[in-house]
Every structure is written in structure tokens, then in C-alpha cells.
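File shown here: start.txt, holding compact mmCIF, C-alpha atoms.
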```
# COMPACT_ATOMS: atom_id res chain seq x y z
CA MET A 14 12.03 25.00 -10.21
CA SER A 15 10.03 22.49 -8.16
CA THR A 16 9.75 22.85 -4.41
CA TYR A 17 9.44 20.00 -1.97
CA LYS A 18 8.44 20.26 1.69
CA LEU A 19 8.14 17.19 3.92
CA TYR A 20 6.08 17.54 7.09
CA TYR A 21 6.59 14.90 9.77
CA PHE A 22 7.51 14.38 13.42
CA ASN A 23 11.10 14.59 14.58
CA VAL A 24 11.53 10.81 14.31
CA ARG A 25 12.25 8.31 11.54
CA GLY A 26 8.92 6.45 11.68
CA ARG A 27 6.86 6.77 8.52
CA GLY A 28 8.83 9.75 7.23
CA GLU A 29 12.34 8.38 6.96
CA VAL A 30 11.99 6.58 3.64
CA ALA A 31 11.09 9.87 1.95
CA ARG A 32 14.19 11.45 3.53
CA LEU A 33 16.32 8.55 2.27
CA ILE A 34 14.91 9.01 -1.24
CA PHE A 35 15.70 12.74 -1.18
CA ALA A 36 19.22 11.87 0.04
CA ALA A 37 19.81 9.20 -2.61
CA ALA A 38 18.64 11.66 -5.27
CA ASP A 39 20.66 14.52 -3.78
CA GLN A 40 17.49 16.61 -3.94
CA LYS A 41 16.98 19.71 -1.78
CA TYR A 42 13.81 19.88 0.29
CA GLU A 43 12.46 21.46 3.45
CA ASP A 44 12.64 18.79 6.17
CA ILE A 45 9.96 20.13 8.53
CA ARG A 46 9.97 18.24 11.83
CA TYR A 47 7.25 18.90 14.40
CA GLU A 48 7.69 18.05 18.07
CA ARG A 49 4.55 16.47 19.58
CA GLU A 50 3.45 19.70 21.30
CA GLU A 51 3.70 21.67 18.03
CA TRP A 52 1.71 19.09 16.10
CA VAL A 53 -1.59 19.91 17.79
CA SER A 54 -1.68 23.37 16.21
CA HIS A 55 -0.79 22.04 12.75
CA LYS A 56 -3.00 18.95 12.56
CA SER A 57 -5.86 20.77 10.85
CA GLU A 58 -3.50 22.00 8.12
CA MET A 59 -2.99 18.44 6.87
CA PRO A 60 -5.58 16.89 4.53
CA LEU A 61 -6.25 13.82 6.70
CA GLY A 62 -5.05 15.25 10.03
CA GLN A 63 -1.99 13.02 9.82
CA MET A 64 1.64 13.05 8.74
CA PRO A 65 3.81 12.57 6.77
CA VAL A 66 2.54 15.03 4.18
CA LEU A 67 4.52 16.11 1.14
CA GLU A 68 3.92 19.55 -0.27
CA TYR A 69 5.00 19.62 -3.91
CA ASN A 70 4.74 22.99 -5.65
CA GLY A 71 2.04 23.91 -3.14
CA VAL A 72 -0.02 20.72 -3.55
CA LYS A 73 -0.38 18.60 -0.40
CA LEU A 74 -0.09 14.82 -0.63
CA PRO A 75 -0.80 12.54 2.37
CA GLN A 76 -0.04 8.80 2.83
CA SER A 77 3.58 7.75 3.20
CA ALA A 78 3.55 5.07 0.48
CA ALA A 79 2.04 7.47 -2.07
CA ILE A 80 4.63 10.10 -1.12
CA ASN A 81 7.53 7.67 -1.33
CA ARG A 82 6.46 6.30 -4.70
CA PHE A 83 5.96 9.82 -6.10
CA LEU A 84 9.40 10.95 -5.00
CA ALA A 85 10.97 7.75 -6.33
CA ASN A 86 9.24 8.32 -9.68
CA GLN A 87 10.40 11.94 -9.78
CA PHE A 88 14.04 10.98 -9.15
CA HIS A 89 14.19 7.75 -11.20
CA LEU A 90 14.45 5.45 -8.18
CA ALA A 91 11.18 3.62 -8.84
CA GLY A 92 12.08 1.15 -11.60
CA LYS A 93 12.78 1.69 -15.31
CA ASP A 94 9.36 0.79 -16.75
CA ASN A 95 5.85 -0.13 -15.59
CA PHE A 96 6.70 -3.74 -14.89
CA ASP A 97 9.94 -3.02 -13.01
CA GLN A 98 8.01 -0.42 -11.02
CA ALA A 99 5.45 -3.12 -10.23
CA LYS A 100 8.22 -5.45 -9.01
CA VAL A 101 9.43 -2.65 -6.72
CA ASP A 102 5.86 -2.15 -5.46
CA ALA A 103 5.51 -5.90 -4.78
CA VAL A 104 8.66 -5.83 -2.63
CA VAL A 105 7.37 -2.73 -0.80
CA ASP A 106 4.00 -4.38 -0.11
CA THR A 107 5.79 -7.46 1.21
CA ILE A 108 7.90 -5.34 3.56
CA ASN A 109 4.63 -3.71 4.68
CA ASP A 110 3.08 -7.09 5.43
CA MET A 111 6.05 -7.79 7.69
CA ILE A 112 6.07 -4.52 9.58
CA SER A 113 2.30 -4.38 9.99
CA LYS A 114 2.58 -7.54 12.11
CA TYR A 115 5.12 -5.83 14.34
CA ARG A 116 3.56 -2.38 14.82
CA PRO A 117 0.80 -3.54 17.26
CA ILE A 118 3.47 -5.21 19.37
CA ARG A 119 5.43 -1.98 19.53
CA MET A 120 2.31 -0.19 20.77
CA GLU A 121 1.77 -2.69 23.61
CA GLN A 122 2.06 -0.85 26.94
CA ASP A 123 2.42 -3.84 29.25
CA GLU A 124 6.15 -4.60 29.24
CA ALA A 125 5.82 -8.28 30.08
CA LYS A 126 3.18 -8.78 27.41
CA GLN A 127 5.31 -6.92 24.89
CA LYS A 128 8.28 -9.17 25.62
CA GLU A 129 6.12 -12.22 25.06
CA LEU A 130 4.59 -10.91 21.83
CA THR A 131 8.04 -9.94 20.52
CA LYS A 132 9.36 -13.42 21.21
CA THR A 133 6.45 -14.96 19.29
CA PHE A 134 6.87 -12.49 16.44
CA LEU A 135 10.57 -13.32 16.06
CA ALA A 136 10.03 -17.08 16.23
CA ASP A 137 6.75 -17.62 14.38
CA GLU A 138 6.02 -14.63 12.17
CA LEU A 139 9.20 -12.93 11.03
CA PRO A 140 10.99 -15.85 9.30
CA LYS A 141 8.39 -16.34 6.57
CA HIS A 142 8.41 -12.62 5.73
CA LEU A 143 12.20 -12.55 5.46
CA GLN A 144 12.12 -15.71 3.34
CA ASN A 145 9.50 -14.08 1.11
CA LEU A 146 11.70 -11.01 0.69
CA GLU A 147 14.78 -13.07 -0.16
CA GLY A 148 12.59 -14.95 -2.63
CA LEU A 149 11.53 -11.74 -4.37
CA GLY A 150 15.12 -10.45 -4.41
CA LYS A 151 16.18 -13.60 -6.21
CA LEU A 152 13.18 -13.50 -8.59
CA TYR A 153 13.53 -9.84 -9.58
CA GLY A 154 17.10 -8.90 -8.70
CA SER A 155 18.85 -10.07 -11.90
CA GLY A 156 21.43 -11.88 -9.78
CA GLY A 157 22.62 -8.72 -8.02
CA SER A 158 22.28 -7.28 -4.55
CA PHE A 159 19.39 -4.91 -5.20
CA PHE A 160 15.78 -6.06 -5.06
CA VAL A 161 14.87 -5.14 -8.65
CA GLY A 162 17.07 -5.11 -11.72
CA ASN A 163 20.61 -4.14 -11.08
CA ASN A 164 19.89 -0.74 -9.61
CA LEU A 165 19.04 0.91 -6.31
CA THR A 166 15.32 1.55 -6.04
CA TRP A 167 13.14 2.72 -3.19
CA ALA A 168 12.42 -0.93 -2.36
CA ASP A 169 16.03 -1.18 -1.14
CA LEU A 170 15.72 2.08 0.81
CA TYR A 171 12.46 0.92 2.38
CA PHE A 172 13.94 -2.41 3.42
CA TYR A 173 17.00 -0.63 4.79
CA ASP A 174 14.82 1.57 6.98
CA ILE A 175 12.38 -1.07 8.25
CA ALA A 176 15.19 -3.55 8.90
CA GLN A 177 16.68 -1.11 11.41
CA HIS A 178 13.61 -1.64 13.61
CA ILE A 179 13.94 -5.42 13.30
CA LEU A 180 17.64 -5.28 14.19
CA GLU A 181 16.72 -3.54 17.44
CA LEU A 182 14.82 -6.71 18.36
CA ASP A 183 17.62 -9.09 17.32
CA GLU A 184 20.90 -7.67 16.08
CA ASN A 185 21.89 -11.03 14.60
CA ILE A 186 18.69 -11.61 12.65
CA PHE A 187 20.23 -11.20 9.20
CA ASN A 188 23.01 -13.72 9.80
CA ASN A 189 20.49 -16.29 8.57
CA TYR A 190 19.55 -14.18 5.55
CA PRO A 191 22.80 -13.46 3.68
CA TRP A 192 21.11 -11.91 0.64
CA LEU A 193 19.24 -9.41 2.80
CA LYS A 194 22.40 -8.66 4.79
CA GLU A 195 24.33 -7.94 1.59
CA ASN A 196 21.46 -5.81 0.26
CA ARG A 197 21.58 -3.52 3.31
CA GLN A 198 25.35 -3.25 3.09
CA GLN A 199 25.08 -2.20 -0.56
CA VAL A 200 22.57 0.49 0.38
CA GLU A 201 24.65 2.01 3.14
CA LYS A 202 27.73 2.01 0.91
CA GLN A 203 26.08 4.39 -1.59
CA PRO A 204 28.03 7.65 -1.02
CA LYS A 205 25.02 9.96 -0.74
CA ILE A 206 23.26 7.53 1.62
CA ALA A 207 26.38 7.03 3.73
CA GLU A 208 26.70 10.81 4.05
CA TYR A 209 23.03 11.17 5.02
CA LEU A 210 23.18 8.35 7.60
CA LYS A 211 26.24 9.91 9.18
CA ASN A 212 24.62 13.32 9.59
CA ARG A 213 20.91 12.68 10.22
CA PRO A 214 19.41 13.43 13.66
CA LYS A 215 19.58 10.45 16.04
CA THR A 216 16.03 9.66 17.13
CA SER A 217 14.50 6.91 19.26
CA HIS A 218 12.43 5.43 16.39
CA MET B 19 -1.91 -16.81 -25.85
CA SER B 20 -2.74 -14.06 -23.39
CA ILE B 21 0.09 -11.91 -22.19
CA TYR B 22 -1.97 -11.34 -19.03
CA LYS B 23 -3.04 -14.16 -16.72
CA LEU B 24 -4.67 -13.49 -13.37
CA HIS B 25 -4.56 -16.27 -10.77
CA TYR B 26 -7.11 -15.94 -7.95
CA PHE B 27 -9.95 -17.73 -6.18
CA ASN B 28 -13.41 -17.98 -7.69
CA PHE B 29 -14.75 -15.00 -5.77
CA ARG B 30 -14.29 -11.22 -5.78
CA GLY B 31 -12.09 -10.74 -2.71
CA ARG B 32 -8.65 -9.29 -3.45
CA GLY B 33 -8.77 -10.21 -7.13
CA GLU B 34 -11.77 -8.21 -8.23
CA LEU B 35 -10.00 -4.86 -8.47
CA ALA B 36 -7.65 -6.26 -11.14
CA ARG B 37 -10.65 -7.73 -12.99
CA LEU B 38 -12.37 -4.31 -12.91
CA VAL B 39 -9.26 -2.66 -14.35
CA PHE B 40 -9.14 -5.19 -17.20
CA ALA B 41 -12.86 -4.60 -17.80
CA ALA B 42 -12.59 -0.80 -17.78
CA ALA B 43 -9.72 -1.06 -20.27
CA GLY B 44 -11.53 -3.56 -22.48
CA GLN B 45 -8.43 -5.77 -22.19
CA THR B 46 -8.66 -9.53 -22.62
CA PHE B 47 -6.90 -11.70 -20.08
CA GLU B 48 -6.97 -15.25 -18.75
CA ASP B 49 -9.16 -15.10 -15.63
CA ILE B 50 -7.88 -18.20 -13.82
CA ARG B 51 -10.13 -18.98 -10.87
CA TYR B 52 -9.23 -21.61 -8.29
CA GLU B 53 -11.81 -23.37 -6.15
CA ARG B 54 -10.68 -23.71 -2.53
CA ASN B 55 -9.85 -27.41 -2.86
CA GLU B 56 -7.59 -26.73 -5.87
CA TRP B 57 -5.51 -24.20 -3.97
CA PRO B 58 -3.28 -26.37 -1.69
CA SER B 59 -1.66 -28.10 -4.68
CA ASN B 60 -0.98 -24.76 -6.37
CA LYS B 61 0.12 -22.66 -3.38
CA SER B 62 3.83 -23.40 -3.76
CA LYS B 63 3.80 -22.21 -7.38
CA MET B 64 3.09 -18.64 -6.24
CA PRO B 65 6.00 -16.39 -5.17
CA LEU B 66 4.57 -15.68 -1.70
CA GLY B 67 2.25 -18.69 -1.44
CA GLN B 68 -0.70 -16.33 -1.90
CA MET B 69 -3.00 -14.91 -4.55
CA PRO B 70 -3.84 -12.85 -6.54
CA VAL B 71 -0.81 -13.27 -8.77
CA LEU B 72 -0.55 -11.67 -12.18
CA GLU B 73 1.47 -13.43 -14.81
CA PHE B 74 2.73 -10.89 -17.37
CA ASN B 75 4.68 -12.27 -20.30
CA GLY B 76 5.54 -15.26 -18.10
CA THR B 77 6.80 -13.35 -15.04
CA GLN B 78 4.82 -13.58 -11.82
CA LEU B 79 3.75 -10.53 -9.80
CA PRO B 80 2.15 -10.92 -6.34
CA GLN B 81 0.33 -8.36 -4.13
CA SER B 82 -3.19 -7.28 -5.12
CA ILE B 83 -2.80 -3.49 -5.14
CA THR B 84 0.56 -3.70 -6.94
CA VAL B 85 -1.12 -5.85 -9.61
CA ALA B 86 -4.02 -3.40 -9.95
CA ARG B 87 -1.71 -0.38 -10.11
CA PHE B 88 0.47 -2.02 -12.78
CA LEU B 89 -2.56 -2.84 -14.90
CA ALA B 90 -3.96 0.68 -14.39
CA LYS B 91 -0.65 2.14 -15.62
CA GLN B 92 -0.60 -0.19 -18.62
CA PHE B 93 -4.08 0.98 -19.62
CA GLN B 94 -3.85 4.69 -18.74
CA LEU B 95 -6.13 4.40 -15.73
CA ALA B 96 -3.51 5.34 -13.11
CA GLY B 97 -3.27 9.11 -13.55
CA LYS B 98 -1.73 11.13 -16.38
CA ASP B 99 1.61 12.04 -14.77
CA ASN B 100 3.62 11.38 -11.60
CA LEU B 101 1.66 13.85 -9.48
CA GLU B 102 -1.75 12.62 -10.64
CA GLN B 103 -0.64 9.06 -10.03
CA ALA B 104 0.42 10.10 -6.54
CA LYS B 105 -3.03 11.61 -5.91
CA VAL B 106 -4.60 8.35 -7.09
CA ASP B 107 -2.24 6.42 -4.79
CA ALA B 108 -3.19 8.65 -1.84
CA VAL B 109 -6.88 7.87 -2.40
CA VAL B 110 -6.10 4.16 -2.84
CA ASP B 111 -4.12 4.12 0.43
CA THR B 112 -6.99 5.88 2.20
CA ILE B 113 -9.47 3.28 0.91
CA ALA B 114 -7.05 0.57 2.10
CA ASP B 115 -7.10 2.14 5.60
CA LEU B 116 -10.90 1.83 5.56
CA ILE B 117 -10.72 -1.83 4.58
CA VAL B 118 -8.21 -2.57 7.33
CA LYS B 119 -10.63 -0.99 9.80
CA TYR B 120 -13.73 -2.97 8.83
CA SER B 121 -12.07 -6.30 8.09
CA PRO B 122 -11.94 -7.69 11.65
CA ALA B 123 -15.70 -7.15 11.91
CA ARG B 124 -16.44 -8.44 8.42
CA TRP B 125 -14.59 -11.71 8.94
CA GLU B 126 -15.41 -12.38 12.60
CA PRO B 127 -16.65 -16.01 12.73
CA ASP B 128 -18.64 -15.65 15.96
CA GLU B 129 -22.04 -14.19 14.96
CA THR B 130 -22.67 -12.38 18.23
CA LYS B 131 -19.21 -10.85 18.36
CA LYS B 132 -19.52 -9.91 14.64
CA LYS B 133 -22.76 -8.00 15.28
CA GLU B 134 -21.05 -6.10 18.11
CA LEU B 135 -17.93 -5.28 16.06
CA LEU B 136 -19.98 -4.15 13.05
CA LYS B 137 -22.14 -1.92 15.25
CA LYS B 138 -19.01 -0.32 16.71
CA PHE B 139 -17.40 0.15 13.30
CA PHE B 140 -20.43 1.84 11.77
CA ALA B 141 -21.06 4.01 14.82
CA GLU B 142 -17.51 5.07 15.66
CA ASP B 143 -15.12 4.51 12.72
CA LEU B 144 -16.85 4.72 9.36
CA ASP B 145 -17.46 8.47 9.30
CA LYS B 146 -13.81 9.49 9.72
CA HIS B 147 -12.79 7.27 6.80
CA LEU B 148 -15.55 8.47 4.47
CA GLN B 149 -14.87 12.08 5.44
CA ASP B 150 -11.20 11.55 4.56
CA LEU B 151 -12.22 10.31 1.11
CA ASP B 152 -14.49 13.34 0.72
CA VAL B 153 -11.57 15.63 1.63
CA LEU B 154 -9.36 14.05 -1.02
CA ARG B 155 -11.93 14.22 -3.81
CA LYS B 156 -12.45 17.92 -3.06
CA LEU B 157 -8.70 18.45 -3.13
CA TYR B 158 -7.95 16.41 -6.26
CA GLY B 159 -11.20 15.94 -8.15
CA ASP B 160 -11.39 19.20 -10.16
CA GLY B 161 -15.06 19.49 -9.20
CA GLY B 162 -16.12 16.43 -11.18
CA PRO B 163 -17.55 13.03 -10.24
CA PHE B 164 -14.21 11.21 -10.19
CA PHE B 165 -11.66 11.19 -7.38
CA VAL B 166 -8.73 12.56 -9.41
CA GLY B 167 -8.72 14.91 -12.38
CA ASN B 168 -11.79 14.61 -14.51
CA HIS B 169 -11.49 10.98 -15.47
CA LEU B 170 -11.92 7.44 -14.24
CA THR B 171 -8.89 6.04 -12.43
CA LEU B 172 -7.94 3.12 -10.23
CA ALA B 173 -9.15 5.18 -7.24
CA ASP B 174 -12.75 5.14 -8.50
CA LEU B 175 -12.63 1.42 -9.31
CA TYR B 176 -11.24 0.64 -5.85
CA PHE B 177 -13.89 2.71 -4.13
CA TYR B 178 -16.56 1.11 -6.30
CA ASN B 179 -15.48 -2.36 -5.20
CA THR B 180 -15.01 -1.40 -1.54
CA GLY B 181 -18.35 0.41 -1.48
CA GLN B 182 -20.02 -2.81 -2.52
CA ASN B 183 -18.63 -4.51 0.59
CA LEU B 184 -19.70 -1.62 2.83
CA LEU B 185 -23.22 -1.60 1.44
CA GLN B 186 -23.43 -5.35 1.88
CA MET B 187 -22.71 -4.88 5.62
CA ASP B 188 -25.00 -1.84 5.96
CA GLU B 189 -27.10 -0.65 3.02
CA ASN B 190 -27.37 2.86 4.51
CA SER B 191 -23.63 3.37 5.00
CA LEU B 192 -23.24 5.91 2.17
CA ASN B 193 -26.47 7.85 2.77
CA ASN B 194 -24.67 10.82 4.32
CA TYR B 195 -22.12 10.98 1.48
CA PRO B 196 -23.95 11.89 -1.73
CA TRP B 197 -20.76 12.54 -3.69
CA LEU B 198 -19.42 9.07 -2.86
CA LYS B 199 -22.76 7.54 -3.84
CA GLN B 200 -22.74 9.48 -7.13
CA ASN B 201 -19.11 8.46 -7.76
CA ARG B 202 -20.10 4.79 -7.60
CA GLU B 203 -22.99 5.42 -9.97
CA GLU B 204 -20.60 7.08 -12.45
CA VAL B 205 -18.38 4.01 -12.35
CA GLU B 206 -21.15 1.51 -12.97
CA LYS B 207 -22.53 3.68 -15.81
CA GLN B 208 -19.30 3.23 -17.81
CA PRO B 209 -20.42 0.90 -20.63
CA LYS B 210 -17.57 -1.62 -20.31
CA ILE B 211 -17.97 -1.74 -16.52
CA ALA B 212 -21.74 -2.11 -16.75
CA GLU B 213 -21.27 -5.00 -19.19
CA TYR B 214 -18.68 -6.67 -16.95
CA ILE B 215 -20.82 -6.36 -13.80
CA LYS B 216 -23.83 -7.77 -15.62
CA ASN B 217 -21.93 -10.87 -16.73
CA ARG B 218 -19.51 -11.64 -13.91
CA PRO B 219 -20.14 -14.64 -11.58
CA ASP B 220 -22.32 -13.60 -8.66
CA MET B 221 -20.31 -14.26 -5.51
CA PRO B 222 -21.08 -13.42 -1.86
CA TYR B 223 -17.65 -11.78 -1.40
```
What does this structure look like when you write it as C-alpha cells?
Amino acid sequence: MSTYKLYYFNVRGRGEVARLIFAAADQKYEDIRYEREEWVSHKSEMPLGQMPVLEYNGVKLPQSAAINRFLANQFHLAGKDNFDQAKVDAVVDTINDMISKYRPIRMEQDEAKQKELTKTFLADELPKHLQNLEGLGKLYGSGGSFFVGNNLTWADLYFYDIAQHILELDENIFNNYPWLKENRQQVEKQPKIAEYLKNRPKTSH
Amino acid sequence: MSIYKLHYFNFRGRGELARLVFAAAGQTFEDIRYERNEWPSNKSKMPLGQMPVLEFNGTQLPQSITVARFLAKQFQLAGKDNLEQAKVDAVVDTIADLIVKYSPARWEPDETKKKELLKKFFAEDLDKHLQDLDVLRKLYGDGGPFFVGNHLTLADLYFYNTGQNLLQMDENSLNNYPWLKQNREEVEKQPKIAEYIKNRPDMPY
């Protein structure tokens, strides 16, 4: 029997998509959460001195995207063949392009500057990324509410997770993007996901 | 008619990795190269208004690494099972982190500022990234010259291509990393790769 251990901080951050995949697949795993003070003594145990790290049957795997894709492949949430899997990856990369523009803003210490940068991000940067994502959903989604084919894949879980950060900036953002709004609603309706969302620890990010 | 068409600019850039995968696999494809002045009239034909885009049996796929990974999977260059593919992905993500780090310096238009940024990158940042790659090849490489298992994968092709950019910025950048140097030599020794490199258009980037 395979064993899965996920090592990450006690936040959603770059670890939550893996947790969502485990939940969607109803797969048991050890959800190891380090507080910041604990991390210092464990850093050298991780291949690249970073987390998340997945330990699968004793083999350590760094890099959140690699972890997420592996788990999705293991539990048939990655796409039904090479090309569908590629469509899922294209959606994931496009979500990454969006969030990578926001992360530096989140790290900004000066509150006034952060407010300004956030405003610019919402007005000038975010719309084209959301339009791109709706475009891919319509291109690959077979007319349904999931990004690829007619099934839940980790692209939907990834968008669900990242969108939560965007909603904290503007809770009405998806009113202008009905397809994306419906996609998130379909994700949170999945029984195993709904159960997981109800019970997971509430963290700041 | 080719089932594979690659749309990209007439330089290496973000399209070359896909071309290397096709070459390693000995797979024919339509290598559609746009000059800069041709691009504006074609931009809206691409799903995200960007390239590279792979056209596979008439369906478009954006995002350079997604394209390369799909092709690698099609031609058995992605890793032999889910876990090996995940190891390859982890190396690929780690190479991508390196590229993100040197890109601001590489593309800085102001010559004086560029010199400063490059100096800083090579003095302060490069080592951590190359050490990370060394860690992963020791962990996943089975003692051989390739990053994962004992065979050529997408990880080696990506490092080959990225190494070329590094060496172009500083020809001594790999001197302290003999395994990484040797890995690149193994890649360019592969007969189909050697042939491809000999014949491809010579571009500055």
C-alpha cells in the first residue's frame, strides 16, 4: 500500500492544491504542518530547503506543481490522455501567470504602496488573465463547467484555490466572469470537496 | 499533412525546447517561424495572444513548458511512470526557477544596469540554483549522466537549452559543476540532437 506524506506550513499557500487533490480523491495522507519556528530545524531535511515536499513511499519530491501533477495523475484527476493532460497543464500555467503577477504585491511591506499596486493589478493586469482563463475553459471544456473535458481535474481545483486569494481583493470580481463563477461553484459542490472545505483549518493565507 | 505544427518566432527563445524534443524523438513537424513584423496580424489567432503554440490534430495548445511536456510524453521522453515523470517535472520546475532569476538581468535594456544585474546574479544567485540541480540529479539520477533514471528526458533537454543561455552570459558559469557540464555534453552527443544543432538556424537567443 502506498504512503503519502505532505510537508508544508500551517497555511494554504503553495500546499493547499495538493490537499484539495487528496480530498477530491478521498485519499489518506499525513498532512504535516510546520509552524514557522519548527521549520528552521527541518529545512535541511528537504531536498531544496523549501516546502511543500511530498514523500511518496519514502521518496521526496519538491516543487508544488510537480507534486500536484503527480498526485492528480495517481488519482485520475489529471486528464484522460496525454492531450487532455496537456490542456489541464495549459490552464494551470495560465493560472500561474496570473498569480505570479500578484505575489510580489502581496510581499510589499509599505501599506500605502501595496494599496496602490493592488489597485493597478485589479484594473490593468487581472482582467486579461481572467479573460484568458475563460477562453481556455470555452476552448477545452466541451461546453461544460469544468476547464477540460466534462470532468473535474486539478485545473479546476487550482483555480478554486487561487481564486480565493483574488476574492479577498475584490469579492465581486467574478460577477463579470460568469463561466469562472460557475466553475468554482461546481467545484465546491463536489461532496468530498465540500466536506473538506467545511473541516479544514482556517488560516490567514 | 503534419499532425504537429509549432508556431513560434524565428529564434530559440521559448520555442526551442519543443524543437529539441521533436529532434530527440526524430519526429517530423511543421516548424512555423514568424518574423517580428508578421506577428501582430497573427496574434489574435493564438488562444492567449502569445507563442509558442502547438497545433496537434488541429487543436491549439499554448504555454511553452506544457507543449514540451506533452511532446515528451508522446515520444517517451517524459519519464517511464508517474513518479519518474514527477521527478522530471521537479527538475524542470527547478530549471524554471533559475530562468526566472536571471531573466531580469538578461533582458535589461540599459547596458550599465545590465552589467550590474548580471554581476549580482552570478555572484549571489547562480550557485544556489545550480546546487539545487546537483541535489536533484544525485537524488533521482541513479548515478548516471542524466537527471532522472538512466535515460534522456525533458529535464536534460531543458537544462541543455538553459545552459546555453547561461554560458552565453558567462562562459565560466558551469566550471564548478562538472556533472552539469558533463550532462550537457551527453545531450549534444546524442546523434539526432547533434544533427539538429548542426543544422538549426543560428540565432542570438
Go through chain B residue by residue and, counting only C-alpha atoms, keep those with an atom at most 10 Å from chain A; for each kept residue give the shortest atom pair and its distance in Å to one decimal, ordered by chain and increasing number, as a tab-separated table.
```
residue	atom	partner	partner_atom	distance
B:Pro65	CA	A:Gly148	CA	7.2
B:Leu66	CA	A:Asn145	CA	5.9
B:Gly67	CA	A:Asn145	CA	9.0
B:Phe74	CA	A:Phe96	CA	8.5
B:Thr77	CA	A:Leu152	CA	9.1
B:Gln78	CA	A:Leu152	CA	9.0
B:Leu79	CA	A:Lys100	CA	6.8
B:Pro80	CA	A:Ala103	CA	6.2
B:Gln81	CA	A:Ala103	CA	5.8
B:Ser82	CA	A:Ala103	CA	8.8
B:Ile83	CA	A:Asp106	CA	8.5
B:Thr84	CA	A:Asp102	CA	5.7
B:Val85	CA	A:Ala99	CA	7.1
B:Ala86	CA	A:Ala99	CA	9.5
B:Arg87	CA	A:Ala99	CA	7.7
B:Phe88	CA	A:Ala99	CA	5.7
B:Leu89	CA	A:Asn95	CA	8.9
B:Ala90	CA	A:Asn95	CA	9.9
B:Lys91	CA	A:Asn95	CA	6.9
B:Gln92	CA	A:Asn95	CA	7.1
B:Asp99	CA	A:Asn86	CA	9.9
B:Asn100	CA	A:Phe83	CA	6.2
B:Leu101	CA	A:Phe83	CA	6.8
B:Glu102	CA	A:Phe83	CA	9.4
B:Gln103	CA	A:Phe83	CA	7.7
B:Ala104	CA	A:Ala79	CA	5.4
B:Lys105	CA	A:Leu74	CA	6.8
B:Val106	CA	A:Ala79	CA	8.4
B:Asp107	CA	A:Ala79	CA	5.2
B:Ala108	CA	A:Ala79	CA	5.4
B:Val109	CA	A:Gln76	CA	8.7
B:Val110	CA	A:Ala79	CA	8.8
B:Asp111	CA	A:Gln76	CA	6.7
B:Thr112	CA	A:Gln76	CA	7.6
B:Lys146	CA	A:Leu61	CA	9.2
B:His147	CA	A:Leu61	CA	9.3
B:Gln149	CA	A:Leu61	CA	8.9
B:Asp150	CA	A:Leu61	CA	5.9
B:Leu151	CA	A:Leu61	CA	8.9
B:Val153	CA	A:Pro60	CA	6.8
B:Leu154	CA	A:Pro60	CA	7.3
B:Leu157	CA	A:Pro60	CA	8.4
B:Tyr158	CA	A:Val72	CA	9.4
```
Distance of CA of Glu53 (chain B) from CA of Tyr214 (chain B), expressed in Å to one decimal place: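 Going from CA of Tyr214 (chain B) over to CA of Glu53 (chain B), I get 21.0 Å.
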Report the distance between CA of Phe27 (chain B) and CA of Gln208 (chain B) in Å, rounded to one decimal place.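 We find that CA of Phe27 (chain B) and CA of Gln208 (chain B) lie 25.7 Å from each other.
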So what do you get for CA of Ile179 (chain A) versus CA of Phe160 (chain A), distance-wise?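 For CA of Ile179 (chain A) relative to CA of Phe160 (chain A), the distance reads 18.5 Å.
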Quick one: everything within 12 Å of Leu144 (chain B), counting only C-alpha atoms, minus sequence neighbours fewer than 2 positions away in the same chain. Send it as a PyMOL selection string. chain B and resi 113+115-120+136-142+146-151+181+184-185+187-188+190-192+194-195
Contacts of Asn185 (chain A) within 12 Å, all atoms listed in the file, excl. fewer than 5 positions in-chain, as a list in words: Leu135, Ala176, Gln177, Ile179, Leu180, Tyr190, Pro191 and Lys194 of chain A
So which residues touch Asn163 (chain A) within 12 Å, counting only C-alpha atoms, skipping near sequence neighbours fewer than 4 positions away, as a list of chain:residue names?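 Contacts, in chain order: A:Leu90, A:Gly92, A:Lys93, A:Asp97, A:Gly150, A:Lys151, A:Tyr153, A:Gly154, A:Ser155, A:Gly156, A:Gly157, A:Ser158, A:Phe159, A:Asp169, A:Asn196, A:Gln199.
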Would you pick out the contacts of Ile45 (chain A) at 9 Å or less, using all atoms listed in the file, so that residues sharing its chain but fewer than 3 positions from it are not included, and give the list as a list of chain:residue names?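 Counting only the stated atoms, we get A:Lys18, A:Leu19, A:Tyr20, A:Tyr21, A:Phe22, A:Asn23.
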In terms of the shortest atom-to-atom distance over only C-alpha atoms, which of A:Lys205, A:His178, A:Lys114, A:Lys128 is closest to Gln40 (chain A)? A:Lys205
Could you pull the residues within 8 Å of Ile206 (chain A), counting only C-alpha atoms, minus those fewer than 4 positions along the same chain, as a PDB file with C-alpha atoms, in the coordinates of the input?
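Result saved to selection17.pdb:
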```
ATOM      1  CA  LEU A  33      16.320   8.550   2.270  1.00  0.00           C
ATOM      2  CA  ALA A  36      19.220  11.870   0.040  1.00  0.00           C
ATOM      3  CA  ALA A  37      19.810   9.200  -2.610  1.00  0.00           C
ATOM      4  CA  VAL A 200      22.570   0.490   0.380  1.00  0.00           C
ATOM      5  CA  GLU A 201      24.650   2.010   3.140  1.00  0.00           C
ATOM      6  CA  LYS A 202      27.730   2.010   0.910  1.00  0.00           C
ATOM      7  CA  LEU A 210      23.180   8.350   7.600  1.00  0.00           C
TER       8      LEU A 210
END
```
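Between Asn183 (chain B) and the candidates B:Gly44, B:Gly167, B:Gly162, B:Gly31, the tightest atom-to-atom separation, counting only C-alpha atoms, involves B:Gly31.
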Which residue is closest to Gln63 (chain A)? Choose from A:Gly28, A:Arg197, A:Thr166, A:Pro214 and count only C-alpha atoms.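 Comparing A:Gly28, A:Arg197, A:Thr166, A:Pro214 against Gln63 (chain A), the winner is A:Gly28.
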